[in-house]
Each structure stands twice: as C-alpha cells, then as structure tokens.
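Have a look at the structure below, then the notes.
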Amino acid sequence: MPIIPTDFVSWFRNSSPYIHAHRNKTFVIYFSGEMVLEGCDNLIHDFALLKSLGIRLVLIHGIRPQIDLRLKQQNISFKFHENLRITDNSALQCVKEAAGLVRVEIEALLSMGLSNSPMAGAKINVASGNFVIAKPLGIIDGVDYQHTGQVRRIEYESIQQQLDHNNVVLISPLGYSPSGEIFNLAAEHVATEVAIALQAEKLILLTEQSCTSNQKQIQQMTTKEAGFFLQQESNLTKIVHNSLNAAIQSCQQGVKRVHLINRHIDGALLLELFTRDGSGTLISSDQFEEIRTASLHDIAGILELIKPLENQGLLVKRSREKLEMEINDYIVIERDGLIIGCTAFHPMNDKQSAEIACLAVHIDYQKSTRGNSLLEHLISKAKAQKLNKLFVLSTQTMHWFIERGFEPTEIDTLPKQRKEFYNYERNSKVLCKKI
C-alpha cells in the first residue's frame with residue numbers, strides 16, 4: 001500500500017514534539033526471551049531508530065525459554081515456585097549459556113549496517129558488564145532457591161558512564177556477588193531496579209499481552225489508579241499483574257513514566273512514543289492529562305492549537321503579545337506535555353460576570369468530552385468567584401453553547417467594558433448563561 005505524502009508529512013510534523021522531548025533522555029527497555037527466540041529484527045531496528053534520535057538506551061533482555069530449551073536438551077528437570085525458577089547447579093550452567101548466547105545474538109543484530117536496510121549507517125556501540133550486584137534469594141516458605149537471586153544494588157555510575165560515551169547498554173538477567181558468585185535474576189525485576197537507579201525518564205516493558213479492562217485497552221493510569229485496578233480485577237494474568245506492580249514501584253521511586261506495550265503488535269513501541277494516544281498503557285505518578293491555569297511556557301502550544309481555528313474564522317486572531325498580557329486568564333488541557341485544549345476566562349469590572357473566550361480543542365480530540373470539561377471548569381471558577389453570569393461571543397459555534405444552557409441575548413446586555421470593544425464587522429452572536 002503506497003504512502004500518501006500528505007499523510008506522512010502530517011504524521012512526521014505531529015511526531016516532532018515527541019522527538020524533541022525524548023532527546024537525551026534515558027529509556028530502560030525490557031523485552032522477553034520469547035521475543036528473542038521468535039525473532040526480533042524489527043524491534044532491533046526500532047531500537048536503532050530511537051538511538052539515532054538521541055535517546056539514551058538501556059536494554060534488559062529475558063532468557064527463560066532459552067534456559068528451558070537447554071534443560072530439556074540435557075534431560076534435566078526444572079522447578080518453579082511462585083513463578084521463580086529454582087536454580088540448582090545444573091540449571092545455573094544453562095542460565096550462563098543462555099545469557100551469553102542471547103547477549104551475543106542481540107549484539108550482532110545491533111551491529112548490522114547493510115545498505116538499503118533500516119540499520120544502514122547506524123554504527124551502534126554496545127556495552128555489557130557486571131552492572132548488577134546481587135544476593136541470594138535464600139529460603140522462602142521452606143523452598144531453597146539456591147542460585148536464584150535478587151538485586152542488591154545497581155552500579156548506576158558505570159551505566160551512566162557508558163551512556164555518556166554514546167553506547168547502548170545491554171544487561172542480561174544475571175547478578176554478581178562481591179564473593180564472585182553468579183545469580184539468576186528475574187529480568188523484569190532487573191529492569192525495574194535499573195530504571196529506578198538511573199532515575200530514568202521511561203521504563204518500557206514489552207509484555208506478552210495488553211493491559212485491558214472489559215476487553216478494552218487501558219490508555220493510562222496513575223499509580224493510585226493502577227493499585228486500585230490490581231485490587232479490583234481478580235482475573236488478571238500473572239504477566240499483567242507483575243508488570244503493573246513493577247510500574248507502580250518504579251513511579252513511586254522516581255521514574256517519570258512506565259509504558260506497558262504488547263510486543264506482538266508490530267511497531268507498537270514507536271506508536272507509543274511518537275503519537276498522542278500511543279498503543280499501550282501509560283502509568284505515571286501524576287495525571288497524564290490535566291486541566292490547569294496556563295503559564296508563559298504554554299504560549300507556543302496555545303498559538304499552535306488556535307491558529308487553524310483563527311484561519312477558519314472560528315476564533316478572533318490573537319497576537320503573541322496579547323496572549324502574554326492575558327496569560328493568567330487562560331486555562332489549558334495538557335496531555336503528556338502537549339496542549340490539546342484551551343479557553344480564556346475574562347472577569348469583568350462589574351464583578352458580576354465573565355467572558356468565555358478562545359475555547360478550542362485539538363482536532364484529534366473534538367469528538368471527546370474535552371470541550372465540556374473546559375466549560376465545567378469555567379463554571380466552577382465563576383461560582384467560586386460568586387459571579388452571576390457567563391457570556392460568550394460566537395460566529396459559528398452558537399448551537400454548541402445553546403445545547404449547554406446558554407441563551408441568545410442582545411449586544412446591549414453586554415457589560416460596558418466588553419460592549420466598547422464589540423466588533424460589528426465580525427457580527428458575533430452573544431450568548432449568556434446564568435450561574
């Protein structure tokens with residue numbers, strides 16, 4: 001299917017805020033051994049693309065199926081308890097073999113540079129090492145986990161040094177003790193601890209399935225909402241349950257964002273990072289989307305939002321200077337750093353009324369409830385200030401306001417302060433709502 005040039009240009013322009021926002025940020029990405037076993041060429045290409053955009057990458061891979069395969073080939077039985085492998089001496093040898101082979105395979109893929117391929121000219125340097133210090137998990141509920149361990153600490157300064165040298169850091173799920181012992185670790189737990197130690201911008205978990213509720217993809221949750229979700233949903237798989245716990249722990253300890261992405265969806269990583277609505281589930285300590293008072297830093301985003309509507313005649317044209325002077329009157333909807341909605345609340349000198357102006361929602365969200373949310377926010381603001389009425393001047397959206405309780409009225413009913421600046425050439429209709 002050929003690419004439509006206008007669609008590509010539009011997508012590329014819309015992705016530019018994310019490209020700027022992600023540059024020089026540290027992303028920790030976990031992917032399973034199953035993904036490596038089934039072939040992860042496309043994923044490696046996506047990693048290379050992220051690296052080319054200036055993102056500092058730390059990759060943590062799993063090895064569970066590779067270990068199982070070696071144990072079966074040698075006819076060695078293996079046991080799990082609470083979803084953790086009991087690693088005896090025979091299993092440890094298979095763990096070391098699997099980790100070494102998978103690490104080499106990933107390094108080889110990251111070294112590709114064939115012409116006419118997605119990796120052409122990538123020139124990625126990969127650094128591995130003993131970045132994870134571990135200790136034995138010990139005996140739990142009478143079960144001796146032997147060489148299965150847990151993270152004791154992360155040598156984060158060494159990882160930072162490799163990232164500063166423009167290397168991709170690749171970490172296997174092995175840990176080392178000061179006495180020279182080797183421990184088999186849970187890769188997802190390693191990724192969580194690495195992200196926390198580095199205070200990474202993002203922890204990305206490429207999971208085996210999507211995080212859903214009532215068969216619908218969950219787009220975002222706060223850590224509080226995720227905790228409540230874990231309590232309420234009794235049918236969650238172990239994979240989703242563990243991933244959500246990892247996300248909550250990471251966010252509570254300083255990681256800004258955690259993304260749960262279904263690895264089976266081709267390109268899901270890029271969609272999650274470079275589109276407004278993403279493809280997975282975003283977990284964060286704070287609200288992913290919020291309504292708040294605007295600041296001077298929001299002016300560029302507001303201008304970008306309202307310019308198309310000004311060109312259509314839906315809004316009165318506003319200069320940057322005017323916006324700067326009135327910025328304290330503006331309310332915005334911010335979604336992951338982007339302004340997707342705005343409005344202005346201009347109180348009148350009569351201390352009884354206020355004007356609603358510049359109500360705009362990004363075209364991708366106009367069929368949602370964002371406009372209603374902005375209006376409800378302004379009504380609450382008017383009530384808090386004990387105002388009697390709100391009014392709005394409109395040329396093309398009168399019915400939207402009428403459906404929400406506004407009534408047409410005459411120009412003469414406007415406060416004197418506003419009537420003096422009424423533009424008769426624009427011939428806007430006046431609508432009023434009593435509070």
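Every chain in the structure tokens takes a letter, A first, then B, and so on in the order presented; its residues are numbered from 1, and the ligands are numbered from 1 following the presented order.
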
**Message:** Using DSSP secondary structure from the backbone, list all alpha helix (DSSP H) positions within stretch 13-54 of chain A, as a PyMOL selection string.
**Reply:** chain A and resi 13-22+33-38+41-52

What does the file look like for those residues with N, CA and C atoms, as a PDB file, in the first residue's frame?
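Dumped to part-v5.pdb:
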```pdb
ATOM      1  N   ARG A  13       5.200  15.747  11.212  1.00  0.00           N
ATOM      2  CA  ARG A  13       5.108  17.013  11.937  1.00  0.00           C
ATOM      3  C   ARG A  13       4.527  16.800  13.336  1.00  0.00           C
ATOM      4  N   ASN A  14       3.508  15.952  13.421  1.00  0.00           N
ATOM      5  CA  ASN A  14       2.885  15.710  14.727  1.00  0.00           C
ATOM      6  C   ASN A  14       3.812  14.967  15.683  1.00  0.00           C
ATOM      7  N   SER A  15       4.764  14.225  15.131  1.00  0.00           N
ATOM      8  CA  SER A  15       5.690  13.483  15.991  1.00  0.00           C
ATOM      9  C   SER A  15       6.843  14.347  16.477  1.00  0.00           C
ATOM     10  N   SER A  16       7.034  15.513  15.866  1.00  0.00           N
ATOM     11  CA  SER A  16       8.207  16.337  16.188  1.00  0.00           C
ATOM     12  C   SER A  16       8.266  16.763  17.660  1.00  0.00           C
ATOM     13  N   PRO A  17       7.134  17.096  18.326  1.00  0.00           N
ATOM     14  CA  PRO A  17       7.246  17.447  19.752  1.00  0.00           C
ATOM     15  C   PRO A  17       7.816  16.314  20.596  1.00  0.00           C
ATOM     16  N   TYR A  18       7.487  15.056  20.224  1.00  0.00           N
ATOM     17  CA  TYR A  18       7.983  13.908  20.968  1.00  0.00           C
ATOM     18  C   TYR A  18       9.463  13.679  20.685  1.00  0.00           C
ATOM     19  N   ILE A  19       9.862  13.914  19.427  1.00  0.00           N
ATOM     20  CA  ILE A  19      11.282  13.769  19.089  1.00  0.00           C
ATOM     21  C   ILE A  19      12.119  14.727  19.925  1.00  0.00           C
ATOM     22  N   HIS A  20      11.652  15.981  20.027  1.00  0.00           N
ATOM     23  CA  HIS A  20      12.374  16.974  20.839  1.00  0.00           C
ATOM     24  C   HIS A  20      12.341  16.588  22.318  1.00  0.00           C
ATOM     25  N   ALA A  21      11.184  16.130  22.794  1.00  0.00           N
ATOM     26  CA  ALA A  21      11.032  15.826  24.222  1.00  0.00           C
ATOM     27  C   ALA A  21      11.884  14.632  24.654  1.00  0.00           C
ATOM     28  N   HIS A  22      12.071  13.648  23.760  1.00  0.00           N
ATOM     29  CA  HIS A  22      12.790  12.425  24.124  1.00  0.00           C
ATOM     30  C   HIS A  22      14.304  12.543  23.990  1.00  0.00           C
ATOM     31  N   GLY A  33      12.679 -13.188  26.652  1.00  0.00           N
ATOM     32  CA  GLY A  33      13.417 -14.188  25.890  1.00  0.00           C
ATOM     33  C   GLY A  33      12.590 -14.762  24.766  1.00  0.00           C
ATOM     34  N   GLU A  34      11.261 -14.819  24.945  1.00  0.00           N
ATOM     35  CA  GLU A  34      10.384 -15.303  23.873  1.00  0.00           C
ATOM     36  C   GLU A  34      10.516 -14.435  22.632  1.00  0.00           C
ATOM     37  N   MET A  35      10.636 -13.139  22.835  1.00  0.00           N
ATOM     38  CA  MET A  35      10.767 -12.232  21.701  1.00  0.00           C
ATOM     39  C   MET A  35      12.069 -12.505  20.946  1.00  0.00           C
ATOM     40  N   VAL A  36      13.132 -12.750  21.670  1.00  0.00           N
ATOM     41  CA  VAL A  36      14.411 -13.047  21.031  1.00  0.00           C
ATOM     42  C   VAL A  36      14.329 -14.380  20.287  1.00  0.00           C
ATOM     43  N   LEU A  37      13.685 -15.371  20.896  1.00  0.00           N
ATOM     44  CA  LEU A  37      13.575 -16.702  20.313  1.00  0.00           C
ATOM     45  C   LEU A  37      12.779 -16.680  19.015  1.00  0.00           C
ATOM     46  N   GLU A  38      11.727 -15.858  18.982  1.00  0.00           N
ATOM     47  CA  GLU A  38      10.854 -15.800  17.801  1.00  0.00           C
ATOM     48  C   GLU A  38      11.405 -14.895  16.707  1.00  0.00           C
ATOM     49  N   ASP A  41      14.075  -8.816  14.811  1.00  0.00           N
ATOM     50  CA  ASP A  41      14.750  -7.901  13.881  1.00  0.00           C
ATOM     51  C   ASP A  41      14.078  -6.536  13.848  1.00  0.00           C
ATOM     52  N   ASN A  42      12.747  -6.524  13.711  1.00  0.00           N
ATOM     53  CA  ASN A  42      12.038  -5.235  13.640  1.00  0.00           C
ATOM     54  C   ASN A  42      12.225  -4.417  14.913  1.00  0.00           C
ATOM     55  N   LEU A  43      12.208  -5.115  16.049  1.00  0.00           N
ATOM     56  CA  LEU A  43      12.399  -4.421  17.321  1.00  0.00           C
ATOM     57  C   LEU A  43      13.798  -3.811  17.391  1.00  0.00           C
ATOM     58  N   ILE A  44      14.788  -4.555  16.940  1.00  0.00           N
ATOM     59  CA  ILE A  44      16.159  -4.040  16.937  1.00  0.00           C
ATOM     60  C   ILE A  44      16.261  -2.816  16.036  1.00  0.00           C
ATOM     61  N   HIS A  45      15.581  -2.854  14.893  1.00  0.00           N
ATOM     62  CA  HIS A  45      15.558  -1.687  14.005  1.00  0.00           C
ATOM     63  C   HIS A  45      14.948  -0.478  14.719  1.00  0.00           C
ATOM     64  N   ASP A  46      13.901  -0.731  15.499  1.00  0.00           N
ATOM     65  CA  ASP A  46      13.265   0.369  16.243  1.00  0.00           C
ATOM     66  C   ASP A  46      14.199   0.915  17.319  1.00  0.00           C
ATOM     67  N   PHE A  47      14.956   0.020  17.968  1.00  0.00           N
ATOM     68  CA  PHE A  47      15.954   0.481  18.937  1.00  0.00           C
ATOM     69  C   PHE A  47      16.974   1.390  18.257  1.00  0.00           C
ATOM     70  N   ALA A  48      17.412   0.981  17.062  1.00  0.00           N
ATOM     71  CA  ALA A  48      18.392   1.779  16.322  1.00  0.00           C
ATOM     72  C   ALA A  48      17.828   3.156  15.982  1.00  0.00           C
ATOM     73  N   LEU A  49      16.553   3.185  15.632  1.00  0.00           N
ATOM     74  CA  LEU A  49      15.909   4.463  15.320  1.00  0.00           C
ATOM     75  C   LEU A  49      15.873   5.358  16.555  1.00  0.00           C
ATOM     76  N   LEU A  50      15.502   4.792  17.702  1.00  0.00           N
ATOM     77  CA  LEU A  50      15.485   5.569  18.943  1.00  0.00           C
ATOM     78  C   LEU A  50      16.875   6.114  19.249  1.00  0.00           C
ATOM     79  N   LYS A  51      17.881   5.273  19.060  1.00  0.00           N
ATOM     80  CA  LYS A  51      19.255   5.709  19.309  1.00  0.00           C
ATOM     81  C   LYS A  51      19.635   6.857  18.382  1.00  0.00           C
ATOM     82  N   SER A  52      19.226   6.790  17.116  1.00  0.00           N
ATOM     83  CA  SER A  52      19.564   7.840  16.153  1.00  0.00           C
ATOM     84  C   SER A  52      18.888   9.160  16.489  1.00  0.00           C
TER      85      SER A  52
END
```

**Prompt:** Quick one: residues within 12 Å of A:Asn372, only C-alpha atoms counted, chain neighbours fewer than 4 positions away excluded, as a count of residues only?
**Reply:** 21

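Near A:Ser243, within 9 Å and counting only C-alpha atoms, sit Glu188, Leu205, Thr207, Lys238, Ile248 and Leu260 of chain A, not including residues fewer than 5 positions from it in the same chain.
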
Writer output for current selection, C-alpha atoms, as a PDB file, in the first residue's frame:
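What landed in selection_34.pdb:
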```pdb
ATOM      1  CA  GLU A 188      11.694  -7.639  34.666  1.00  0.00           C
ATOM      2  CA  LEU A 205       8.022  -3.151  29.453  1.00  0.00           C
ATOM      3  CA  THR A 207       4.811  -7.595  27.558  1.00  0.00           C
ATOM      4  CA  LYS A 238       0.449 -13.094  36.269  1.00  0.00           C
ATOM      5  CA  ILE A 248       3.851   1.266  40.469  1.00  0.00           C
ATOM      6  CA  LEU A 260       3.296  -1.421  29.141  1.00  0.00           C
TER       7      LEU A 260
END
```

Could the residues of stretch 114-225 of chain A that have an atom at most 12 Å from stretch 54-74 of chain A be listed as JSON lines, each with its closest atom pair and the distance in Å to one decimal, counting only C-alpha atoms and ordered by chain and ascending residue number?
```
{"residue": "A:Ile124", "atom": "CA", "partner": "A:Leu57", "partner_atom": "CA", "distance": 10.9}
{"residue": "A:Asn125", "atom": "CA", "partner": "A:Leu57", "partner_atom": "CA", "distance": 11.2}
{"residue": "A:Val126", "atom": "CA", "partner": "A:Val58", "partner_atom": "CA", "distance": 9.8}
{"residue": "A:Ala127", "atom": "CA", "partner": "A:Val58", "partner_atom": "CA", "distance": 9.5}
{"residue": "A:Ser128", "atom": "CA", "partner": "A:Leu59", "partner_atom": "CA", "distance": 9.9}
{"residue": "A:Phe131", "atom": "CA", "partner": "A:Val58", "partner_atom": "CA", "distance": 11.4}
{"residue": "A:Val132", "atom": "CA", "partner": "A:Ile60", "partner_atom": "CA", "distance": 11.4}
{"residue": "A:Tyr156", "atom": "CA", "partner": "A:Val58", "partner_atom": "CA", "distance": 11.1}
{"residue": "A:Ile159", "atom": "CA", "partner": "A:Val58", "partner_atom": "CA", "distance": 8.4}
{"residue": "A:Gln160", "atom": "CA", "partner": "A:Arg56", "partner_atom": "CA", "distance": 9.4}
{"residue": "A:Gln161", "atom": "CA", "partner": "A:Arg56", "partner_atom": "CA", "distance": 11.4}
{"residue": "A:Gln162", "atom": "CA", "partner": "A:Arg56", "partner_atom": "CA", "distance": 9.8}
{"residue": "A:Leu163", "atom": "CA", "partner": "A:Arg56", "partner_atom": "CA", "distance": 6.2}
{"residue": "A:Asp164", "atom": "CA", "partner": "A:Arg56", "partner_atom": "CA", "distance": 8.5}
{"residue": "A:His165", "atom": "CA", "partner": "A:Arg56", "partner_atom": "CA", "distance": 10.1}
{"residue": "A:Asn166", "atom": "CA", "partner": "A:Arg56", "partner_atom": "CA", "distance": 7.5}
{"residue": "A:Asn167", "atom": "CA", "partner": "A:Arg56", "partner_atom": "CA", "distance": 8.0}
{"residue": "A:Val168", "atom": "CA", "partner": "A:Leu57", "partner_atom": "CA", "distance": 5.3}
{"residue": "A:Val169", "atom": "CA", "partner": "A:Val58", "partner_atom": "CA", "distance": 4.7}
{"residue": "A:Leu170", "atom": "CA", "partner": "A:Leu59", "partner_atom": "CA", "distance": 4.8}
{"residue": "A:Ile171", "atom": "CA", "partner": "A:Ile60", "partner_atom": "CA", "distance": 4.9}
{"residue": "A:Ser172", "atom": "CA", "partner": "A:His61", "partner_atom": "CA", "distance": 5.8}
{"residue": "A:Pro173", "atom": "CA", "partner": "A:Gly62", "partner_atom": "CA", "distance": 6.5}
{"residue": "A:Leu174", "atom": "CA", "partner": "A:Gly62", "partner_atom": "CA", "distance": 10.0}
{"residue": "A:Asn184", "atom": "CA", "partner": "A:Ile63", "partner_atom": "CA", "distance": 10.0}
{"residue": "A:Leu185", "atom": "CA", "partner": "A:Gly62", "partner_atom": "CA", "distance": 9.4}
{"residue": "A:Ala186", "atom": "CA", "partner": "A:Gly62", "partner_atom": "CA", "distance": 7.8}
{"residue": "A:Ala187", "atom": "CA", "partner": "A:Gly62", "partner_atom": "CA", "distance": 5.3}
{"residue": "A:Glu188", "atom": "CA", "partner": "A:Gly62", "partner_atom": "CA", "distance": 7.7}
{"residue": "A:His189", "atom": "CA", "partner": "A:Ile60", "partner_atom": "CA", "distance": 9.9}
{"residue": "A:Val190", "atom": "CA", "partner": "A:Ile60", "partner_atom": "CA", "distance": 7.5}
{"residue": "A:Ala191", "atom": "CA", "partner": "A:Ile60", "partner_atom": "CA", "distance": 6.0}
{"residue": "A:Thr192", "atom": "CA", "partner": "A:Ile60", "partner_atom": "CA", "distance": 9.8}
{"residue": "A:Glu193", "atom": "CA", "partner": "A:Ile60", "partner_atom": "CA", "distance": 11.0}
{"residue": "A:Val194", "atom": "CA", "partner": "A:Val58", "partner_atom": "CA", "distance": 8.6}
{"residue": "A:Ala195", "atom": "CA", "partner": "A:Val58", "partner_atom": "CA", "distance": 8.8}
{"residue": "A:Leu198", "atom": "CA", "partner": "A:Val58", "partner_atom": "CA", "distance": 9.9}
{"residue": "A:Ala200", "atom": "CA", "partner": "A:Arg56", "partner_atom": "CA", "distance": 9.6}
{"residue": "A:Glu201", "atom": "CA", "partner": "A:Arg56", "partner_atom": "CA", "distance": 9.9}
{"residue": "A:Lys202", "atom": "CA", "partner": "A:Leu57", "partner_atom": "CA", "distance": 10.1}
{"residue": "A:Leu203", "atom": "CA", "partner": "A:Val58", "partner_atom": "CA", "distance": 9.6}
{"residue": "A:Ile204", "atom": "CA", "partner": "A:Leu59", "partner_atom": "CA", "distance": 9.6}
{"residue": "A:Leu205", "atom": "CA", "partner": "A:Ile60", "partner_atom": "CA", "distance": 9.7}
{"residue": "A:Leu206", "atom": "CA", "partner": "A:His61", "partner_atom": "CA", "distance": 10.1}
{"residue": "A:Thr207", "atom": "CA", "partner": "A:Gly62", "partner_atom": "CA", "distance": 11.2}
```

**Asked** If you measure from atom CA of A:Gln417 to atom CA of A:Asn349, what distance in Å do you get, rounded to one decimal?
**Response**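 Distance reported for this atom pair: 7.1 Å.
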
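The environment of stretch 143-146 of chain A within 12 Å, counting only C-alpha atoms and disregarding residues fewer than 4 places along the same chain, consists of Phe78, Lys79, Phe80, His81, Glu82, Asn83, Leu84, Arg85, Ile86, Thr87, Asp88, Asn89, Ser90, Ala91, Leu92, Lys135, Pro136, Leu137, Gly138, Ile139, Gln150, Glu181, Ile182, Phe183, Asn184 and Leu185 of chain A.
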
**Asked** What lies within 8 Å of A:Val316 using only C-alpha atoms, ignoring chain neighbours under 3 positions off, as a list in words?
**Response**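 Close residues of A:Val316: Glu310, Gly313 and Cys358 of chain A.
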